[in-house]
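Text of the file protein-v7.pdb, holding PDB, C-alpha atoms:
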ATOM      1  CA  MET K 276       0.000   0.000   0.000
ATOM      2  CA  ALA K 277       1.368   3.436  -0.887
ATOM      3  CA  ALA K 278       1.943   5.775   2.055
ATOM      4  CA  LYS K 279      -0.608   8.289   0.774
ATOM      5  CA  GLU K 280      -3.421   5.756   0.975
ATOM      6  CA  LYS K 281      -2.745   4.868   4.585
ATOM      7  CA  THR K 282      -5.382   5.792   7.119
ATOM      8  CA  LEU K 283      -5.716   6.092  10.878
ATOM      9  CA  ALA K 284      -7.125   2.545  10.861
ATOM     10  CA  ASP K 285      -3.827   1.366   9.361
ATOM     11  CA  ALA K 286      -1.873   3.295  12.008
ATOM     12  CA  PHE K 287      -4.035   1.657  14.676
ATOM     13  CA  TYR K 288      -3.366  -1.835  13.326
ATOM     14  CA  GLU K 289       0.395  -1.232  12.979
ATOM     15  CA  THR K 290       0.675   0.145  16.520
ATOM     16  CA  LEU K 291      -1.418  -2.722  17.868
ATOM     17  CA  LYS K 292       1.096  -5.207  16.419
ATOM     18  CA  ASP K 293       3.945  -3.202  17.966
ATOM     19  CA  VAL K 294       2.310  -3.160  21.416
ATOM     20  CA  TYR K 295       1.456  -6.863  21.132
ATOM     21  CA  TYR K 296       5.171  -7.556  20.750
ATOM     22  CA  ALA K 297       6.087  -5.162  23.570
ATOM     23  CA  GLU K 298       3.525  -6.585  25.998
ATOM     24  CA  ARG K 299       4.684 -10.162  25.475
ATOM     25  CA  GLN K 300       8.289  -9.087  26.038
ATOM     26  CA  SER K 301       7.137  -7.238  29.119
ATOM     27  CA  VAL K 302       5.736 -10.428  30.692
ATOM     28  CA  LYS K 303       9.168 -12.044  30.297
ATOM     29  CA  ALA K 304      11.008  -8.990  31.649
ATOM     30  CA  LEU K 305       8.728  -8.818  34.690
ATOM     31  CA  LYS K 306       9.303 -12.475  35.584
ATOM     32  CA  LYS K 307      13.049 -11.918  35.299
ATOM     33  CA  SER K 308      12.803  -8.758  37.419
ATOM     34  CA  ALA K 309      10.776 -10.576  40.111
ATOM     35  CA  LYS K 310      13.570 -13.136  40.408
ATOM     36  CA  ALA K 311      16.222 -10.415  40.627
ATOM     37  CA  ALA K 312      14.423  -8.228  43.202
ATOM     38  CA  GLU K 313      15.813  -8.199  46.751
ATOM     39  CA  SER K 314      12.897  -6.362  48.352
ATOM     40  CA  ALA K 315       9.839  -8.510  49.055
ATOM     41  CA  ASP K 316       7.488  -5.628  48.156
ATOM     42  CA  LEU K 317       9.198  -5.136  44.852
ATOM     43  CA  ARG K 318       9.175  -8.847  44.040
ATOM     44  CA  GLN K 319       5.463  -8.945  44.826
ATOM     45  CA  ALA K 320       4.780  -5.911  42.626
ATOM     46  CA  PHE K 321       6.594  -7.519  39.696
ATOM     47  CA  GLU K 322       4.811 -10.852  40.166
ATOM     48  CA  THR K 323       1.403  -9.199  40.329
ATOM     49  CA  HIS K 324       2.091  -7.110  37.253
ATOM     50  CA  ALA K 325       3.408 -10.130  35.336
ATOM     51  CA  GLU K 326       0.007 -11.769  35.868
ATOM     52  CA  GLU K 327      -1.780  -8.545  34.908
ATOM     53  CA  SER K 328       0.359  -8.315  31.765
ATOM     54  CA  ALA K 329      -0.633 -11.826  30.736
ATOM     55  CA  THR K 330      -4.264 -10.625  30.867
ATOM     56  CA  GLN K 331      -3.280  -7.507  28.907
ATOM     57  CA  VAL K 332      -1.877  -9.758  26.169
ATOM     58  CA  GLU K 333      -5.258 -11.518  26.018
ATOM     59  CA  ARG K 334      -7.026  -8.141  25.790
ATOM     60  CA  LEU K 335      -4.860  -7.243  22.812
ATOM     61  CA  GLN K 336      -5.874 -10.536  21.162
ATOM     62  CA  GLN K 337      -9.512  -9.540  21.713
ATOM     63  CA  VAL K 338      -8.863  -6.153  20.095
ATOM     64  CA  PHE K 339      -7.334  -7.833  17.041
ATOM     65  CA  GLU K 340     -10.463  -9.973  16.827
ATOM     66  CA  MET K 341     -12.728  -6.914  17.147
ATOM     67  CA  ILE K 342     -11.120  -5.288  14.102
ATOM     68  CA  GLY K 343     -11.276  -8.554  12.159
ATOM     69  CA  LYS K 344      -7.533  -9.199  12.056
ATOM     70  CA  SER K 345      -5.477 -12.086  13.340
ATOM     71  CA  ALA K 346      -3.162 -11.311  16.272
ATOM     72  CA  ARG K 347       0.302 -10.611  14.933
ATOM     73  CA  ALA K 348       3.380  -9.151  16.586
ATOM     74  CA  LYS K 349       5.764  -6.728  14.880
ATOM     75  CA  THR K 350       9.256  -6.293  16.333
ATOM     76  CA  CYS K 351       9.144  -3.195  18.503
ATOM     77  CA  GLU K 352      12.560  -1.569  18.432
ATOM     78  CA  ALA K 353      11.742   0.711  21.354
ATOM     79  CA  MET K 354      10.935  -2.274  23.575
ATOM     80  CA  GLN K 355      14.053  -4.062  22.341
ATOM     81  CA  GLY K 356      16.105  -1.023  23.369
ATOM     82  CA  LEU K 357      14.417  -0.810  26.762
ATOM     83  CA  THR K 358      15.030  -4.509  27.388
ATOM     84  CA  ALA K 359      18.668  -4.315  26.282
ATOM     85  CA  GLU K 360      19.214  -1.373  28.632
ATOM     86  CA  MET K 361      17.548  -3.248  31.489
ATOM     87  CA  GLU K 362      19.710  -6.343  31.017
ATOM     88  CA  GLU K 363      22.870  -4.270  30.905
ATOM     89  CA  ASP K 364      21.890  -2.389  34.076
ATOM     90  CA  LEU K 365      20.930  -5.593  35.899
ATOM     91  CA  GLU K 366      24.326  -7.047  35.114
ATOM     92  CA  ASP K 367      26.205  -3.873  36.115
ATOM     93  CA  PHE K 368      24.424  -3.480  39.446
ATOM     94  CA  ALA K 369      23.731  -7.123  40.406
ATOM     95  CA  GLY K 370      24.281  -7.675  44.141
ATOM     96  CA  SER K 371      24.972  -3.978  44.790
ATOM     97  CA  PRO K 372      23.000  -1.881  47.309
ATOM     98  CA  ALA K 373      21.513   0.028  44.354
ATOM     99  CA  ALA K 374      20.315  -3.074  42.471
ATOM    100  CA  ASP K 375      16.638  -2.750  43.394
ATOM    101  CA  ALA K 376      16.598   0.992  42.703
ATOM    102  CA  VAL K 377      18.016   0.375  39.233
ATOM    103  CA  LEU K 378      15.470  -2.387  38.659
ATOM    104  CA  VAL K 379      12.599  -0.032  39.520
ATOM    105  CA  GLY K 380      13.984   2.668  37.211
ATOM    106  CA  CYS K 381      14.115   0.265  34.277
ATOM    107  CA  ALA K 382      10.640  -1.094  34.992
ATOM    108  CA  GLN K 383       9.204   2.427  35.086
ATOM    109  CA  ALA K 384      10.753   3.183  31.689
ATOM    110  CA  VAL K 385       8.898   0.150  30.289
ATOM    111  CA  GLU K 386       5.663   1.168  32.050
ATOM    112  CA  HIS K 387       5.871   4.643  30.543
ATOM    113  CA  TYR K 388       6.414   3.242  27.066
ATOM    114  CA  GLU K 389       3.240   1.232  27.515
ATOM    115  CA  ILE K 390       1.353   4.206  28.972
ATOM    116  CA  ALA K 391       2.249   6.246  25.871
ATOM    117  CA  ARG K 392       1.273   3.505  23.437
ATOM    118  CA  TYR K 393      -1.990   2.464  25.121
ATOM    119  CA  GLY K 394      -2.919   6.162  25.403
ATOM    120  CA  THR K 395      -2.421   6.600  21.656
ATOM    121  CA  LEU K 396      -4.292   3.387  20.820
ATOM    122  CA  LYS K 397      -7.200   4.367  23.062
ATOM    123  CA  THR K 398      -7.486   7.830  21.438
ATOM    124  CA  TRP K 399      -7.398   6.337  17.956
ATOM    125  CA  ALA K 400      -9.895   3.575  18.838
ATOM    126  CA  THR K 401     -12.326   6.211  20.102
ATOM    127  CA  GLN K 402     -11.943   8.312  16.967
ATOM    128  CA  LEU K 403     -12.314   5.305  14.700
ATOM    129  CA  GLY K 404     -15.521   4.283  16.489
ATOM    130  CA  TYR K 405     -13.990   1.100  17.947
ATOM    131  CA  LYS K 406     -15.937   1.607  21.161
ATOM    132  CA  ASP K 407     -15.379  -1.809  22.765
ATOM    133  CA  ALA K 408     -11.703  -1.803  21.856
ATOM    134  CA  ALA K 409     -11.310   1.651  23.427
ATOM    135  CA  LYS K 410     -12.806   0.296  26.642
ATOM    136  CA  LEU K 411     -10.391  -2.658  26.790
ATOM    137  CA  LEU K 412      -7.408  -0.447  25.988
ATOM    138  CA  ASP K 413      -8.402   1.989  28.703
ATOM    139  CA  GLN K 414      -8.607  -0.849  31.248
ATOM    140  CA  THR K 415      -4.999  -1.758  30.494
ATOM    141  CA  LEU K 416      -3.925   1.896  30.447
ATOM    142  CA  GLN K 417      -5.265   2.380  33.982
ATOM    143  CA  GLU K 418      -3.438  -0.752  35.179
ATOM    144  CA  GLU K 419      -0.165   0.516  33.706
ATOM    145  CA  LYS K 420      -0.611   3.872  35.434
ATOM    146  CA  ARG K 421      -1.356   2.204  38.765
ATOM    147  CA  THR K 422       1.736   0.003  38.419
ATOM    148  CA  ASP K 423       3.873   3.056  37.688
ATOM    149  CA  GLU K 424       2.517   4.813  40.794
ATOM    150  CA  LEU K 425       3.141   1.727  42.936
ATOM    151  CA  LEU K 426       6.735   1.516  41.670
ATOM    152  CA  THR K 427       7.264   5.183  42.536
ATOM    153  CA  LYS K 428       6.102   4.465  46.088
ATOM    154  CA  ILE K 429       8.329   1.393  46.395
ATOM    155  CA  ALA K 430      11.304   3.375  45.032
ATOM    156  CA  LEU K 431      11.024   5.733  47.998
ATOM    157  CA  THR K 432      11.538   2.824  50.412
ATOM    158  CA  ILE K 433      14.216   0.761  48.733
ATOM    159  CA  ASN K 434      16.400   3.613  47.544
ATOM    160  CA  VAL K 435      16.999   4.740  51.086
ATOM    161  CA  GLU K 436      18.764   1.453  51.812
ATOM    162  CA  GLY K 437      20.868   1.906  48.704
ATOM    163  CA  THR K 438      21.868   5.367  49.849
ATOM    164  CA  ALA K 439      22.602   4.256  53.386
ATOM    165  CA  ALA K 440      24.820   1.435  52.188
ATOM    166  CA  ALA K 441      26.622   3.855  49.907
ATOM    167  CA  ALA K 442      27.313   6.380  52.672
TER
ATOM    168  CA  MET X 118      34.444  -1.287  39.677
ATOM    169  CA  ALA X 119      32.875  -4.581  40.774
ATOM    170  CA  ALA X 120      29.076  -4.631  40.700
ATOM    171  CA  LYS X 121      28.830  -5.189  44.454
ATOM    172  CA  GLU X 122      30.596  -1.913  45.214
ATOM    173  CA  LYS X 123      28.241   0.168  43.105
ATOM    174  CA  THR X 124      26.052   2.656  44.892
ATOM    175  CA  LEU X 125      22.997   4.760  44.166
ATOM    176  CA  ALA X 126      25.381   7.616  43.316
ATOM    177  CA  ASP X 127      26.838   5.426  40.562
ATOM    178  CA  ALA X 128      23.353   4.583  39.297
ATOM    179  CA  PHE X 129      22.566   8.309  39.244
ATOM    180  CA  TYR X 130      25.682   9.109  37.219
ATOM    181  CA  GLU X 131      25.099   6.265  34.744
ATOM    182  CA  THR X 132      21.473   7.262  34.196
ATOM    183  CA  LEU X 133      22.457  10.907  33.829
ATOM    184  CA  LYS X 134      24.794   9.974  30.942
ATOM    185  CA  ASP X 135      21.987   7.934  29.369
ATOM    186  CA  VAL X 136      19.499  10.814  29.598
ATOM    187  CA  TYR X 137      22.103  13.274  28.309
ATOM    188  CA  TYR X 138      22.360  11.155  25.166
ATOM    189  CA  ALA X 139      18.571  10.802  24.904
ATOM    190  CA  GLU X 140      17.894  14.515  25.370
ATOM    191  CA  ARG X 141      20.351  15.531  22.655
ATOM    192  CA  GLN X 142      18.796  12.990  20.284
ATOM    193  CA  SER X 143      15.410  14.370  21.239
ATOM    194  CA  VAL X 144      16.346  17.896  20.084
ATOM    195  CA  LYS X 145      17.197  16.469  16.646
ATOM    196  CA  ALA X 146      14.032  14.351  16.476
ATOM    197  CA  LEU X 147      11.857  17.341  17.408
ATOM    198  CA  LYS X 148      13.346  19.527  14.677
ATOM    199  CA  LYS X 149      12.740  16.741  12.164
ATOM    200  CA  SER X 150       9.178  16.292  13.435
ATOM    201  CA  ALA X 151       8.481  20.039  13.183
ATOM    202  CA  LYS X 152       9.459  19.929   9.501
ATOM    203  CA  ALA X 153       7.269  16.879   8.873
ATOM    204  CA  ALA X 154       4.150  18.182  10.669
ATOM    205  CA  GLU X 155       1.195  19.262   8.518
ATOM    206  CA  SER X 156      -0.808  20.899  11.307
ATOM    207  CA  ALA X 157       0.376  24.382  12.283
ATOM    208  CA  ASP X 158      -0.408  23.714  15.966
ATOM    209  CA  LEU X 159       1.630  20.558  15.936
ATOM    210  CA  ARG X 160       4.558  22.214  14.153
ATOM    211  CA  GLN X 161       4.494  24.999  16.744
ATOM    212  CA  ALA X 162       4.415  22.500  19.613
ATOM    213  CA  PHE X 163       7.435  20.680  18.226
ATOM    214  CA  GLU X 164       9.365  23.909  17.643
ATOM    215  CA  THR X 165       8.648  25.168  21.152
ATOM    216  CA  HIS X 166       9.665  21.870  22.702
ATOM    217  CA  ALA X 167      12.850  21.704  20.615
ATOM    218  CA  GLU X 168      13.884  25.027  22.197
ATOM    219  CA  GLU X 169      12.874  23.790  25.635
ATOM    220  CA  SER X 170      14.883  20.610  25.086
ATOM    221  CA  ALA X 171      17.993  22.637  24.251
ATOM    222  CA  THR X 172      17.600  24.271  27.680
ATOM    223  CA  GLN X 173      17.081  20.838  29.237
ATOM    224  CA  VAL X 174      20.416  19.731  27.756
ATOM    225  CA  GLU X 175      22.053  22.719  29.468
ATOM    226  CA  ARG X 176      20.369  21.791  32.754
ATOM    227  CA  LEU X 177      21.851  18.308  32.498
ATOM    228  CA  GLN X 178      25.287  19.873  31.993
ATOM    229  CA  GLN X 179      24.710  21.861  35.185
ATOM    230  CA  VAL X 180      23.794  18.664  37.035
ATOM    231  CA  PHE X 181      27.015  16.986  35.874
ATOM    232  CA  GLU X 182      28.895  20.010  37.203
ATOM    233  CA  MET X 183      27.031  19.849  40.519
ATOM    234  CA  ILE X 184      28.183  16.277  41.118
ATOM    235  CA  GLY X 185      31.728  17.132  40.038
ATOM    236  CA  LYS X 186      31.734  15.134  36.816
ATOM    237  CA  SER X 187      32.267  16.197  33.236
ATOM    238  CA  ALA X 188      29.220  15.953  30.962
ATOM    239  CA  ARG X 189      29.382  12.679  29.064
ATOM    240  CA  ALA X 190      26.809  10.874  26.969
ATOM    241  CA  LYS X 191      26.332   7.096  26.973
ATOM    242  CA  THR X 192      24.491   5.497  24.056
ATOM    243  CA  CYS X 193      20.913   5.013  25.177
ATOM    244  CA  GLU X 194      19.513   1.949  23.446
ATOM    245  CA  ALA X 195      15.945   2.782  24.431
ATOM    246  CA  MET X 196      16.168   6.177  22.727
ATOM    247  CA  GLN X 197      17.820   4.580  19.698
ATOM    248  CA  GLY X 198      14.897   2.178  19.463
ATOM    249  CA  LEU X 199      12.343   4.969  19.840
ATOM    250  CA  THR X 200      14.066   7.006  17.136
ATOM    251  CA  ALA X 201      14.332   4.044  14.760
ATOM    252  CA  GLU X 202      10.619   3.349  15.222
ATOM    253  CA  MET X 203       9.779   6.995  14.609
ATOM    254  CA  GLU X 204      11.771   7.152  11.383
ATOM    255  CA  GLU X 205      10.179   3.969  10.098
ATOM    256  CA  ASP X 206       6.673   5.258  10.909
ATOM    257  CA  LEU X 207       7.368   8.658   9.341
ATOM    258  CA  GLU X 208       8.435   6.952   6.127
ATOM    259  CA  ASP X 209       5.460   4.558   6.098
ATOM    260  CA  PHE X 210       2.850   7.267   6.684
ATOM    261  CA  ALA X 211       4.431  10.280   4.927
ATOM    262  CA  GLY X 212       1.811  12.293   3.041
ATOM    263  CA  SER X 213      -1.075  10.168   4.343
ATOM    264  CA  PRO X 214      -4.073  11.564   6.254
ATOM    265  CA  ALA X 215      -2.756   9.793   9.369
ATOM    266  CA  ALA X 216       0.778  11.232   9.162
ATOM    267  CA  ASP X 217       0.330  13.835  11.908
ATOM    268  CA  ALA X 218      -1.434  11.374  14.214
ATOM    269  CA  VAL X 219       1.455   8.932  13.842
ATOM    270  CA  LEU X 220       3.929  11.740  14.484
ATOM    271  CA  VAL X 221       2.186  12.664  17.737
ATOM    272  CA  GLY X 222       2.123   9.027  18.851
ATOM    273  CA  CYS X 223       5.880   8.677  18.339
ATOM    274  CA  ALA X 224       6.609  11.993  20.075
ATOM    275  CA  GLN X 225       4.544  10.936  23.092
ATOM    276  CA  ALA X 226       6.518   7.685  23.354
ATOM    277  CA  VAL X 227       9.717   9.776  23.564
ATOM    278  CA  GLU X 228       8.141  12.165  26.099
ATOM    279  CA  HIS X 229       7.131   9.242  28.296
ATOM    280  CA  TYR X 230      10.629   7.783  28.191
ATOM    281  CA  GLU X 231      11.919  11.128  29.398
ATOM    282  CA  ILE X 232       9.203  11.415  32.060
ATOM    283  CA  ALA X 233      10.230   8.002  33.443
ATOM    284  CA  ARG X 234      13.941   8.822  33.436
ATOM    285  CA  TYR X 235      13.696  12.334  34.889
ATOM    286  CA  GLY X 236      11.315  10.984  37.546
ATOM    287  CA  THR X 237      13.882   8.369  38.559
ATOM    288  CA  LEU X 238      16.755  10.884  38.504
ATOM    289  CA  LYS X 239      14.785  13.360  40.611
ATOM    290  CA  THR X 240      13.948  10.693  43.235
ATOM    291  CA  TRP X 241      17.558   9.558  43.419
ATOM    292  CA  ALA X 242      18.893  13.132  43.562
ATOM    293  CA  THR X 243      16.599  13.840  46.513
ATOM    294  CA  GLN X 244      17.694  10.698  48.345
ATOM    295  CA  LEU X 245      21.355  11.380  47.670
ATOM    296  CA  GLY X 246      20.997  14.896  49.043
ATOM    297  CA  TYR X 247      21.637  16.571  45.647
ATOM    298  CA  LYS X 248      19.070  19.245  46.454
ATOM    299  CA  ASP X 249      19.869  21.712  43.642
ATOM    300  CA  ALA X 250      20.095  18.927  41.082
ATOM    301  CA  ALA X 251      16.704  17.606  42.188
ATOM    302  CA  LYS X 252      15.236  21.064  41.616
ATOM    303  CA  LEU X 253      16.642  21.322  38.078
ATOM    304  CA  LEU X 254      15.528  17.796  37.220
ATOM    305  CA  ASP X 255      12.036  18.527  38.480
ATOM    306  CA  GLN X 256      11.830  21.656  36.304
ATOM    307  CA  THR X 257      12.520  19.518  33.244
ATOM    308  CA  LEU X 258      10.165  16.773  34.430
ATOM    309  CA  GLN X 259       7.296  19.276  34.634
ATOM    310  CA  GLU X 260       8.062  20.569  31.122
ATOM    311  CA  GLU X 261       8.006  17.029  29.739
ATOM    312  CA  LYS X 262       4.657  16.358  31.393
ATOM    313  CA  ARG X 263       3.189  19.592  30.018
ATOM    314  CA  THR X 264       4.429  18.727  26.530
ATOM    315  CA  ASP X 265       2.831  15.292  26.765
ATOM    316  CA  GLU X 266      -0.494  16.853  27.827
ATOM    317  CA  LEU X 267      -0.334  19.371  24.991
ATOM    318  CA  LEU X 268       0.312  16.579  22.484
ATOM    319  CA  THR X 269      -2.693  14.655  23.820
ATOM    320  CA  LYS X 270      -4.851  17.758  23.227
ATOM    321  CA  ILE X 271      -3.485  18.263  19.714
ATOM    322  CA  ALA X 272      -4.026  14.567  18.906
ATOM    323  CA  LEU X 273      -7.754  15.040  19.499
ATOM    324  CA  THR X 274      -7.898  17.686  16.769
ATOM    325  CA  ILE X 275      -5.693  16.256  14.089
ATOM    326  CA  ASN X 276      -6.802  12.647  14.305
ATOM    327  CA  VAL X 277     -10.322  13.595  13.366
ATOM    328  CA  GLU X 278      -9.105  14.771   9.980
ATOM    329  CA  GLY X 279      -7.221  11.497   9.555
ATOM    330  CA  THR X 280     -10.386   9.559  10.297
ATOM    331  CA  ALA X 281     -12.557  11.677   8.046
ATOM    332  CA  ALA X 282     -10.209  11.292   5.113
ATOM    333  CA  ALA X 283     -10.110   7.554   5.705
ATOM    334  CA  ALA X 284     -13.901   7.162   5.687
TER
END
structure tokens encoding of this file:
Amino acid sequence: MAAKEKTLADAFYETLKDVYYAERQSVKALKKSAKAAESADLRQAFETHAEESATQVERLQQVFEMIGKSARAKTCEAMQGLTAEMEEDLEDFAGSPAADAVLVGCAQAVEHYEIARYGTLKTWATQLGYKDAAKLLDQTLQEEKRTDELLTKIALTINVEGTAAAA
Amino acid sequence: MAAKEKTLADAFYETLKDVYYAERQSVKALKKSAKAAESADLRQAFETHAEESATQVERLQQVFEMIGKSARAKTCEAMQGLTAEMEEDLEDFAGSPAADAVLVGCAQAVEHYEIARYGTLKTWATQLGYKDAAKLLDQTLQEEKRTDELLTKIALTINVEGTAAAA
């Protein structure tokens, strides 16, 4: 299809494939992060959100179905970059007093990527008249925002230990 | 330095270098986006934020100075991924009715990356007792949030045209 013929519906479908890839990667990253976390609160937050993310993947499959397309993932370079950065940081700070703080920082970067993308998808779904899809996307968007807020709260506890150990 | 000896101060410095890279890339991406935008409002928003981002780069240089380090950038793979995705999308949708909507979506993904990173840096600066740095980082954080909100508002105008043309 030539670029000039592309519509908002095409943009929606392309971004949906991108987020489908990112969300499935996110489930893996969260399980890895839960194993790496020292703080019990943080481990719990990652485990809970890994389960939530599995449901979010299913919601995306429902959205594909609603627009009459089969669920397909498209490599998301942003998520690849975020994951690469996370793995590098985990390695660099493993076992250090700052390890959990670094883990939270990386997780929040992923959360914010998802917040941006689900926000865009929700806006487009509404404008395209995909009412049910917009509702599902908003459900996930609210979960991502809540997870980000929870991580901010946890950061305030665990970082203090990192600072103390560094002093 | 062995991983076990790394502190929150090290995490702060590493993340600062990462954001310094990302912010400088962001200035370039915003100038490119301003040229590509069809909507006058959107072009204006990108131009204004490109200027703001140049100031944000200077603020980061001040933060480096405050912690007694020279300003250095470290390749940020997340930002590289975001930029690669943006360039691909711009090419795919150039000249289409959805071009501006796609442009806004990509810009908001970058804004959210920055919101996550400046949020983390601000929290760490506070906990490390870098009071002046925390203030500067918060100034930038608020600008990023305002830009994201403005882009959400603009998206509601321009997308409608994209949808109409697609109908």
### Separation of atom CA of Ala384 of chain K from atom CA of Lys292 of chain K, in Å and rounded to one decimal
19.9 Å
### Query
Any idea which chain K residues end up within 6 Å of chain X if we count only C-alpha atoms, as a ChimeraX atom specification please?
/K:278-279,281-283,352-353,356-357,367-373,380,383-384,387-388,391,395,437-438,441
Take the residues from that selection and write them out as a compact mmCIF listing (two decimals), in the frame of the given file, keeping C-alpha atoms.
# COMPACT_ATOMS: atom_id res chain seq x y z
CA ALA K 278 1.94 5.78 2.06
CA LYS K 279 -0.61 8.29 0.77
CA LYS K 281 -2.74 4.87 4.58
CA THR K 282 -5.38 5.79 7.12
CA LEU K 283 -5.72 6.09 10.88
CA GLU K 352 12.56 -1.57 18.43
CA ALA K 353 11.74 0.71 21.35
CA GLY K 356 16.10 -1.02 23.37
CA LEU K 357 14.42 -0.81 26.76
CA ASP K 367 26.20 -3.87 36.12
CA PHE K 368 24.42 -3.48 39.45
CA ALA K 369 23.73 -7.12 40.41
CA GLY K 370 24.28 -7.68 44.14
CA SER K 371 24.97 -3.98 44.79
CA PRO K 372 23.00 -1.88 47.31
CA ALA K 373 21.51 0.03 44.35
CA GLY K 380 13.98 2.67 37.21
CA GLN K 383 9.20 2.43 35.09
CA ALA K 384 10.75 3.18 31.69
CA HIS K 387 5.87 4.64 30.54
CA TYR K 388 6.41 3.24 27.07
CA ALA K 391 2.25 6.25 25.87
CA THR K 395 -2.42 6.60 21.66
CA GLY K 437 20.87 1.91 48.70
CA THR K 438 21.87 5.37 49.85
CA ALA K 441 26.62 3.86 49.91
Step by step, gather every atom of segment 296-304 of chain K that the file lists, find the box along x, y and z that holds them, add 6 Å on each side, and finally give centre and edge lengths in Å to one decimal, as JSON.
{"center_x": 7.3, "center_y": -8.6, "center_z": 26.2, "size_x": 19.5, "size_y": 18.9, "size_z": 22.9}
### Task
Pick out the closest residue to Ala309 of chain K from this set: K:Leu426, K:Leu378, K:Ala329, K:Ala348. Count only C-alpha atoms.
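When distances to Ala309 of chain K are compared using only C-alpha atoms, the smallest one comes from K:Leu378.
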### Task
Select, from K:Val302, K:Leu416, K:Ile429, K:Leu411, the residue with the minimum atom-to-atom distance to Gln336 of chain K, counting only C-alpha atoms.
K:Leu411
### Task
Find the residue from K:Lys310, K:Lys303, K:Glu326, K:Gln331 that sits nearest to Gln417 of chain K; use only C-alpha atoms when measuring.
K:Gln331
### Query
Hey, which of K:Glu419, K:Asp413, K:Val338, K:Tyr288 ends up closest to Ser301 of chain K? Count only C-alpha atoms.
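Closest residue, counting only C-alpha atoms: K:Glu419.
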### Query
Smallest atom-to-atom distance to Ser314 of chain K: which of K:Ala346, K:Thr415, K:Lys397, K:Thr432, using all atoms listed in the file?
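For Ser314 of chain K, the nearest of the given residues is K:Thr432.
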### Query
Hey, can you check how far atom CA of Gln337 of chain K sits from atom CA of Tyr295 of chain K?
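Going from atom CA of Gln337 of chain K over to atom CA of Tyr295 of chain K covers 11.3 Å.
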### Task
To one decimal in Å, tell me the separation between atom CA of Leu291 of chain K and atom CA of Thr422 of chain K.
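Distance between the two atoms: 21.0 Å.
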